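Visitor: Below you'll find the structure I mean.
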Amino acid sequence: MPYTTILFYVLAFITVVSAVVVVFNKNVIHSAFSLFFALFAVSGIFVLLRADFIAITQIMIYVGGILILLLFGVMLTTKITDIELRSKNLNTIPGIIFTVGIISILVFIITSTKWHVKAPVVNEETVSQIGKMLLTNYLLPFEIASIVLLVALIGSAMFARRIKD
Amino acid sequence: MLELNYFLVLSALLFSIGVVGVLVRRNAMIIFMCIELMLNAINISLVAFSSFLGNDSGQIFVFFVLTVAAAEAAVGLAIVISLFRNKESLDIDKINILKW
C-alpha cells in the first residue's frame with residue numbers, strides 16, 4: 001500500500017472519530033476541542049489533494065478564527081462551574097435511522113456514478129493560479145464576498161451590543 | 001492509489017455526521033459546530049473534484065464557502081449570545097417564541 005493511502009486512512013479516521021465525538025459528547029467544551037482535531041485532519045486531506053493554499057487557509061480561518069469564536073461563545077454562554085454545560089439529546093433513534101438512510105443513498109450514488117476523472121496532473125503551486133482566477137474570471141463573486149463579510153461584521157456587532165434604554 | 005471515491009465517501013460520512021448532530025442535539029452551540037462540519041464536508045468534495053479534474057476552479061468555490069462560513073459564525077454567535085442574554089438558556093426547545 002503506498003504511503004499516501006495509509007495517510008489518507010489515518011486522516012479520515014481522525015476526522016470521522018473527532019466528528020462523532022463532536023456530536024455525541026455531553027460536554028460542550030470537549031466538543032469544541034474535538035472539532036479542532038477534525039478541522040486539522042480535514043486540512044491534511046486538502047494537502048493530500050494537492051490543494052496547499054486551501055489547506056493553509058483552512059487552518060487560518062477555521063482553526064484560528066471560527067473555532068476561537070465558537071470557544072468564546074461557549075465560554076460566554078455557559079456557567080463554567082454549573083452543570084449547565086451538559087446538554088440533553090432528543091429523538092436519538094429516529095435521527096440516527098434518518099442519517100443512515102442519507103449515508104446509504106449518498107454512498108450508492110457515489111459508487112454507482114461513472115465520474116469523469118482525468119489523470120491527476122502533478123501541477124505546480126496553486127497559489128498563482130488561484131490569484132489569477134480570483135482577479136479575472138471570479139472578480140465579481142470576490143467583491144460580493146467582501147460585501148458579505150462587511151455586512152456580517154456590522155450586523156453581528158449591532159446584534160451583540162447591549163441595547164441601552 | 002487514491003481514487004476519487006475515497007474522498008467522496010469521506011465527505012458523505014462527515015456530512016451525515018453533521019446532519020445527525022443537527023437533528024439530535026438540542027444545544028445551539030453544538031448545532032453550530034455541526035453546521036461547520038457539514039460545510040467542511042462540502043469543501044472536501046469540492047477540492048476532490050477540482051483535483052481529480054485538474055481544474056483549479058473548484059478551489060475558488062471553497063473560498064466562497066469559507067467566506068460564508070465566517071460570516072455565518074459571526075452573525076450566528078451574535079444571535080446566540082443575545083438569546084442567552086434574554087433566555088438564560090441555549091436549549092433550542094425553550095426558544096419557541098415564534099411557535100404557536
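For the C-alpha cells, the naming scheme is as follows: chains receive sequential letters (A, B, ...) according to their order of presentation, residues are indexed from 1 within each chain, and ligands are indexed from 1 in presentation order.
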Compile the contact shell of B:Val20 as number ranges by chain: residues with an atom at most 12 Å away, counting only C-alpha atoms, same-chain residues fewer than 5 positions apart removed.
Guide: A: 19-20, 22-24, 89-103; B: 13-15, 25-26, 30-31, 33-35, 37-38
Visitor: How would the residues just chosen look if you wrote them out with N, CA and C atoms as a short mmCIF file (atom, residue, chain, number, x, y, z; two decimals), in the first residue's frame?
Guide:
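Output (selection.cif):
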data_model
loop_
_atom_site.label_atom_id
_atom_site.label_comp_id
_atom_site.auth_asym_id
_atom_site.auth_seq_id
_atom_site.Cartn_x
_atom_site.Cartn_y
_atom_site.Cartn_z
N ALA A 19 -15.38 13.93 14.58
CA ALA A 19 -16.72 14.44 14.28
C ALA A 19 -17.76 13.73 15.12
N VAL A 20 -17.59 12.41 15.29
CA VAL A 20 -18.55 11.67 16.13
C VAL A 20 -18.48 12.16 17.57
N VAL A 22 -17.64 15.18 18.48
CA VAL A 22 -18.30 16.49 18.49
C VAL A 22 -19.79 16.31 18.68
N VAL A 23 -20.37 15.34 17.97
CA VAL A 23 -21.82 15.21 18.00
C VAL A 23 -22.29 14.58 19.30
N PHE A 24 -21.59 13.54 19.79
CA PHE A 24 -22.16 12.75 20.87
C PHE A 24 -21.58 13.02 22.24
N ASN A 89 -30.08 15.05 24.86
CA ASN A 89 -30.39 14.70 23.48
C ASN A 89 -31.88 14.49 23.33
N LEU A 90 -32.30 14.41 22.10
CA LEU A 90 -33.71 14.21 21.82
C LEU A 90 -33.80 13.43 20.51
N ASN A 91 -34.79 12.58 20.40
CA ASN A 91 -35.04 11.89 19.13
C ASN A 91 -33.81 11.18 18.59
N THR A 92 -33.04 10.53 19.46
CA THR A 92 -31.78 9.95 19.01
C THR A 92 -32.01 8.86 17.97
N ILE A 93 -32.93 7.94 18.25
CA ILE A 93 -33.10 6.78 17.36
C ILE A 93 -33.62 7.20 15.99
N PRO A 94 -34.70 8.01 15.89
CA PRO A 94 -35.14 8.42 14.55
C PRO A 94 -34.07 9.21 13.80
N GLY A 95 -33.33 10.06 14.52
CA GLY A 95 -32.28 10.83 13.86
C GLY A 95 -31.22 9.94 13.27
N ILE A 96 -30.81 8.92 14.02
CA ILE A 96 -29.76 8.04 13.51
C ILE A 96 -30.27 7.20 12.35
N ILE A 97 -31.52 6.77 12.43
CA ILE A 97 -32.07 5.99 11.30
C ILE A 97 -32.12 6.84 10.03
N PHE A 98 -32.57 8.09 10.18
CA PHE A 98 -32.63 9.02 9.05
C PHE A 98 -31.24 9.21 8.44
N THR A 99 -30.24 9.35 9.34
CA THR A 99 -28.89 9.61 8.86
C THR A 99 -28.30 8.41 8.15
N VAL A 100 -28.58 7.20 8.67
CA VAL A 100 -28.10 6.00 7.98
C VAL A 100 -28.71 5.93 6.59
N GLY A 101 -29.98 6.34 6.48
CA GLY A 101 -30.60 6.41 5.16
C GLY A 101 -29.86 7.36 4.24
N ILE A 102 -29.52 8.54 4.75
CA ILE A 102 -28.79 9.52 3.93
C ILE A 102 -27.45 8.95 3.50
N ILE A 103 -26.73 8.33 4.46
CA ILE A 103 -25.41 7.78 4.12
C ILE A 103 -25.53 6.74 3.02
N LEU B 13 -19.74 10.80 4.64
CA LEU B 13 -19.77 10.41 6.05
C LEU B 13 -19.77 11.63 6.95
N LEU B 14 -18.86 12.57 6.65
CA LEU B 14 -18.74 13.76 7.50
C LEU B 14 -20.03 14.57 7.46
N PHE B 15 -20.61 14.69 6.25
CA PHE B 15 -21.87 15.43 6.12
C PHE B 15 -22.97 14.78 6.93
N ARG B 25 -29.00 16.85 18.70
CA ARG B 25 -28.62 17.68 19.83
C ARG B 25 -29.56 18.86 19.98
N ARG B 26 -29.72 19.33 21.23
CA ARG B 26 -30.61 20.45 21.49
C ARG B 26 -29.86 21.71 21.93
N ILE B 30 -23.70 23.35 19.86
CA ILE B 30 -23.37 22.09 19.18
C ILE B 30 -23.92 22.10 17.76
N ILE B 31 -25.12 22.68 17.59
CA ILE B 31 -25.70 22.74 16.26
C ILE B 31 -24.82 23.58 15.34
N MET B 33 -21.51 23.89 15.62
CA MET B 33 -20.33 23.10 15.26
C MET B 33 -20.69 22.07 14.19
N CYS B 34 -21.90 21.53 14.26
CA CYS B 34 -22.29 20.54 13.25
C CYS B 34 -22.45 21.19 11.89
N ILE B 35 -22.92 22.45 11.88
CA ILE B 35 -23.02 23.15 10.59
C ILE B 35 -21.62 23.34 10.01
N LEU B 37 -19.12 21.39 10.48
CA LEU B 37 -18.71 20.07 9.97
C LEU B 37 -19.28 19.82 8.58
N MET B 38 -20.54 20.18 8.39
CA MET B 38 -21.17 19.94 7.09
C MET B 38 -20.50 20.79 6.01
#
Visitor: If I take atom CA of B:Ser16 and atom CA of A:Ser34, how far is one from the other in Å, to one decimal?
Guide: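 Going from atom CA of B:Ser16 over to atom CA of A:Ser34, I get 17.0 Å.
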Visitor: Taking 3 positions as the minimum chain separation for residues in the same chain, which residues sit within 10 Å of stretch 69-77 of chain A when counting only C-alpha atoms? Answer as a ChimeraX atom specification.
Guide: /A:28-29,31-33,62-66,80,84-85 /B:28-30,32-33,70,73-74,76-78,80-85,88-90
Visitor: Extract, using only C-alpha atoms, all DNA, RNA and protein residues at most 9 Å from B:Ile79, discarding same-chain residues fewer than 6 positions from it, and format them as a PyMOL selection string.
Guide: chain A and resi 156+159-160
Visitor: Select, from B:Asn27, B:Ser45, B:Ser11, B:Asn55, the residue with the minimum atom-to-atom distance to chain A, counting only C-alpha atoms.
Guide: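 Checking each candidate against chain A, we get B:Asn27 as the closest.
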Visitor: For the helix (DSSP H, G or I) assignment from backbone DSSP, which residues of chain B qualify? Please present them as a ChimeraX atom specification.
Guide: /B:4-24,28-53,57-87
Visitor: Find the residues around stretch 140-154 of chain A up to 9 Å (only C-alpha atoms counted), leave out those fewer than 2 positions away in its own chain, and share them as a list in words.
Guide: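 My list of contacting residues is Leu134, Leu135, Thr136, Asn137, Tyr138, Ser156, Ala157, Met158 and Phe159 of chain A; Phe64, Thr67, Val68, Ala70, Ala71, Glu72, Ala74 and Val75 of chain B.
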Visitor: What is the distance between atom CA of B:Asn40 and atom CA of A:Phe36, in Å to one decimal?
Guide: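 Between atom CA of B:Asn40 and atom CA of A:Phe36 the gap is 12.2 Å.
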Visitor: Just give me the gap between atom CA of B:Tyr6 and atom CA of B:Ala48 in Å, one decimal is fine.
Guide: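 These atoms are spaced 9.5 Å apart.
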Visitor: Near A:Ile54, counting only C-alpha atoms, which residues have an atom at most 8 Å away, once you skip same-chain residues fewer than 2 positions from it, shown as a compact mmCIF listing (two decimals) with all heavy atoms, in the first residue's frame?
Guide:
# COMPACT_ATOMS: atom_id res chain seq x y z
N SER A 43 -7.73 19.58 6.95
CA SER A 43 -6.70 20.33 6.23
C SER A 43 -5.60 19.40 5.72
O SER A 43 -5.04 19.62 4.64
CB SER A 43 -6.17 21.44 7.13
OG SER A 43 -4.84 21.29 7.36
N PHE A 46 -6.77 18.07 2.53
CA PHE A 46 -6.56 19.03 1.44
C PHE A 46 -5.14 18.96 0.91
O PHE A 46 -4.92 19.08 -0.30
CB PHE A 46 -6.86 20.45 1.92
CG PHE A 46 -8.32 20.72 2.15
CD1 PHE A 46 -8.73 21.78 2.93
CD2 PHE A 46 -9.28 19.92 1.57
CE1 PHE A 46 -10.07 22.02 3.14
CE2 PHE A 46 -10.60 20.16 1.78
CZ PHE A 46 -11.00 21.21 2.57
N ALA A 51 -3.95 20.63 -2.67
CA ALA A 51 -4.52 21.97 -2.55
C ALA A 51 -3.85 22.64 -1.36
O ALA A 51 -4.43 22.75 -0.29
CB ALA A 51 -6.03 21.91 -2.38
N ASP A 52 -2.58 23.04 -1.54
CA ASP A 52 -1.80 23.51 -0.40
C ASP A 52 -2.36 24.81 0.17
O ASP A 52 -2.46 24.97 1.39
CB ASP A 52 -0.34 23.69 -0.81
CG ASP A 52 -0.20 24.37 -2.15
OD1 ASP A 52 -1.25 24.69 -2.75
OD2 ASP A 52 0.93 24.61 -2.59
N ILE A 56 -3.78 25.68 4.06
CA ILE A 56 -3.31 26.73 4.97
C ILE A 56 -4.47 27.66 5.34
O ILE A 56 -4.63 28.06 6.50
CB ILE A 56 -2.16 27.52 4.33
CG1 ILE A 56 -0.98 26.59 4.10
CG2 ILE A 56 -1.73 28.66 5.22
CD1 ILE A 56 -0.40 26.04 5.35
N THR A 57 -5.30 27.98 4.33
CA THR A 57 -6.44 28.86 4.61
C THR A 57 -7.40 28.21 5.59
O THR A 57 -7.96 28.87 6.46
CB THR A 57 -7.18 29.18 3.30
OG1 THR A 57 -6.23 29.43 2.31
CG2 THR A 57 -8.06 30.36 3.47
N GLN A 58 -7.57 26.89 5.43
CA GLN A 58 -8.44 26.15 6.36
C GLN A 58 -7.93 26.31 7.78
O GLN A 58 -8.69 26.61 8.70
CB GLN A 58 -8.42 24.68 5.94
CG GLN A 58 -8.88 23.70 6.99
CD GLN A 58 -10.33 23.38 6.87
OE1 GLN A 58 -10.99 23.89 5.98
NE2 GLN A 58 -10.82 22.57 7.74
N GLN B 59 -11.39 25.14 -6.34
CA GLN B 59 -10.80 25.70 -5.13
C GLN B 59 -11.29 27.11 -4.86
O GLN B 59 -11.33 27.56 -3.72
CB GLN B 59 -9.28 25.67 -5.24
CG GLN B 59 -8.79 24.26 -5.49
CD GLN B 59 -7.32 24.13 -5.29
OE1 GLN B 59 -6.66 25.04 -4.83
NE2 GLN B 59 -6.79 22.98 -5.64
N VAL B 62 -14.34 26.87 -2.84
CA VAL B 62 -14.03 26.63 -1.43
C VAL B 62 -13.82 27.96 -0.71
O VAL B 62 -14.25 28.13 0.43
CB VAL B 62 -12.81 25.73 -1.31
CG1 VAL B 62 -12.41 25.56 0.14
CG2 VAL B 62 -13.10 24.38 -1.89
N PHE B 63 -13.20 28.92 -1.41
CA PHE B 63 -13.00 30.22 -0.77
C PHE B 63 -14.32 30.90 -0.45
O PHE B 63 -14.49 31.47 0.62
CB PHE B 63 -12.18 31.14 -1.67
CG PHE B 63 -10.74 30.95 -1.45
CD1 PHE B 63 -10.01 30.23 -2.36
CD2 PHE B 63 -10.13 31.43 -0.33
CE1 PHE B 63 -8.69 30.00 -2.15
CE2 PHE B 63 -8.81 31.21 -0.10
CZ PHE B 63 -8.08 30.49 -1.02
Visitor: Which residues, written as an mmCIF file with all heavy atoms, in the first residue's frame, have at least one atom at most 9 Å from stretch 107-117 of chain A, with only C-alpha atoms counted and residues fewer than 6 positions away on the same chain left out?
Guide:
data_model
loop_
_atom_site.group_PDB
_atom_site.id
_atom_site.type_symbol
_atom_site.label_atom_id
_atom_site.label_comp_id
_atom_site.auth_asym_id
_atom_site.auth_seq_id
_atom_site.Cartn_x
_atom_site.Cartn_y
_atom_site.Cartn_z
ATOM 1 N N LEU B 4 -11.047 8.942 -6.505
ATOM 2 C CA LEU B 4 -11.995 9.999 -6.165
ATOM 3 C C LEU B 4 -13.036 9.515 -5.165
ATOM 4 O O LEU B 4 -13.437 10.244 -4.267
ATOM 5 C CB LEU B 4 -12.664 10.486 -7.453
ATOM 6 C CG LEU B 4 -13.734 11.548 -7.323
ATOM 7 C CD1 LEU B 4 -13.150 12.790 -6.705
ATOM 8 C CD2 LEU B 4 -14.318 11.875 -8.667
ATOM 9 N N ASN B 5 -13.416 8.215 -5.314
ATOM 10 C CA ASN B 5 -14.490 7.691 -4.468
ATOM 11 C C ASN B 5 -14.153 7.758 -2.992
ATOM 12 O O ASN B 5 -15.027 7.996 -2.172
ATOM 13 C CB ASN B 5 -14.782 6.239 -4.843
ATOM 14 C CG ASN B 5 -15.653 6.153 -6.061
ATOM 15 O OD1 ASN B 5 -16.073 7.173 -6.563
ATOM 16 N ND2 ASN B 5 -15.916 4.960 -6.526
ATOM 17 N N LEU B 8 -14.961 11.170 -1.768
ATOM 18 C CA LEU B 8 -16.399 11.463 -1.777
ATOM 19 C C LEU B 8 -17.111 10.723 -0.665
ATOM 20 O O LEU B 8 -18.008 11.272 -0.018
ATOM 21 C CB LEU B 8 -16.999 11.094 -3.137
ATOM 22 C CG LEU B 8 -16.514 11.954 -4.294
ATOM 23 C CD1 LEU B 8 -17.228 11.570 -5.561
ATOM 24 C CD2 LEU B 8 -16.733 13.405 -4.006
ATOM 25 N N VAL B 9 -16.699 9.482 -0.406
ATOM 26 C CA VAL B 9 -17.347 8.737 0.679
ATOM 27 C C VAL B 9 -17.015 9.368 2.025
ATOM 28 O O VAL B 9 -17.887 9.501 2.893
ATOM 29 C CB VAL B 9 -16.926 7.254 0.627
ATOM 30 C CG1 VAL B 9 -17.371 6.535 1.880
ATOM 31 C CG2 VAL B 9 -17.544 6.581 -0.572
ATOM 32 N N ALA B 12 -19.230 12.291 2.328
ATOM 33 C CA ALA B 12 -20.610 11.902 2.646
ATOM 34 C C ALA B 12 -20.740 11.533 4.113
ATOM 35 O O ALA B 12 -21.710 11.917 4.781
ATOM 36 C CB ALA B 12 -21.038 10.729 1.770
ATOM 37 N N LEU B 13 -19.739 10.795 4.640
ATOM 38 C CA LEU B 13 -19.769 10.411 6.050
ATOM 39 C C LEU B 13 -19.770 11.630 6.952
ATOM 40 O O LEU B 13 -20.580 11.743 7.883
ATOM 41 C CB LEU B 13 -18.538 9.562 6.372
ATOM 42 C CG LEU B 13 -18.683 8.054 6.307
ATOM 43 C CD1 LEU B 13 -17.368 7.401 6.667
ATOM 44 C CD2 LEU B 13 -19.742 7.624 7.283
ATOM 45 N N PHE B 49 -13.060 17.029 -6.332
ATOM 46 C CA PHE B 49 -13.435 17.135 -7.752
ATOM 47 C C PHE B 49 -12.440 18.005 -8.499
ATOM 48 O O PHE B 49 -12.012 17.658 -9.606
ATOM 49 C CB PHE B 49 -14.831 17.727 -7.880
ATOM 50 C CG PHE B 49 -15.927 16.732 -7.677
ATOM 51 C CD1 PHE B 49 -16.931 16.973 -6.773
ATOM 52 C CD2 PHE B 49 -15.959 15.562 -8.406
ATOM 53 C CE1 PHE B 49 -17.939 16.065 -6.588
ATOM 54 C CE2 PHE B 49 -16.961 14.649 -8.228
ATOM 55 C CZ PHE B 49 -17.956 14.898 -7.305
ATOM 56 N N PHE B 52 -9.150 16.081 -9.029
ATOM 57 C CA PHE B 52 -9.192 14.958 -9.962
ATOM 58 C C PHE B 52 -9.589 15.371 -11.370
ATOM 59 O O PHE B 52 -9.448 14.591 -12.300
ATOM 60 C CB PHE B 52 -10.128 13.868 -9.443
ATOM 61 C CG PHE B 52 -9.491 13.016 -8.404
ATOM 62 C CD1 PHE B 52 -9.527 13.394 -7.080
ATOM 63 C CD2 PHE B 52 -8.808 11.864 -8.754
ATOM 64 C CE1 PHE B 52 -8.917 12.618 -6.124
ATOM 65 C CE2 PHE B 52 -8.199 11.089 -7.800
ATOM 66 C CZ PHE B 52 -8.249 11.465 -6.476
ATOM 67 N N LEU B 53 -10.103 16.576 -11.531
ATOM 68 C CA LEU B 53 -10.359 17.085 -12.881
ATOM 69 C C LEU B 53 -9.180 17.886 -13.409
ATOM 70 O O LEU B 53 -9.162 18.259 -14.576
ATOM 71 C CB LEU B 53 -11.598 17.976 -12.890
ATOM 72 C CG LEU B 53 -12.911 17.302 -13.203
ATOM 73 C CD1 LEU B 53 -14.015 18.315 -13.112
ATOM 74 C CD2 LEU B 53 -12.870 16.711 -14.583
ATOM 75 N N GLY B 54 -8.212 18.189 -12.555
ATOM 76 C CA GLY B 54 -7.101 19.023 -12.992
ATOM 77 C C GLY B 54 -7.509 20.448 -13.274
ATOM 78 O O GLY B 54 -6.907 21.135 -14.089
#
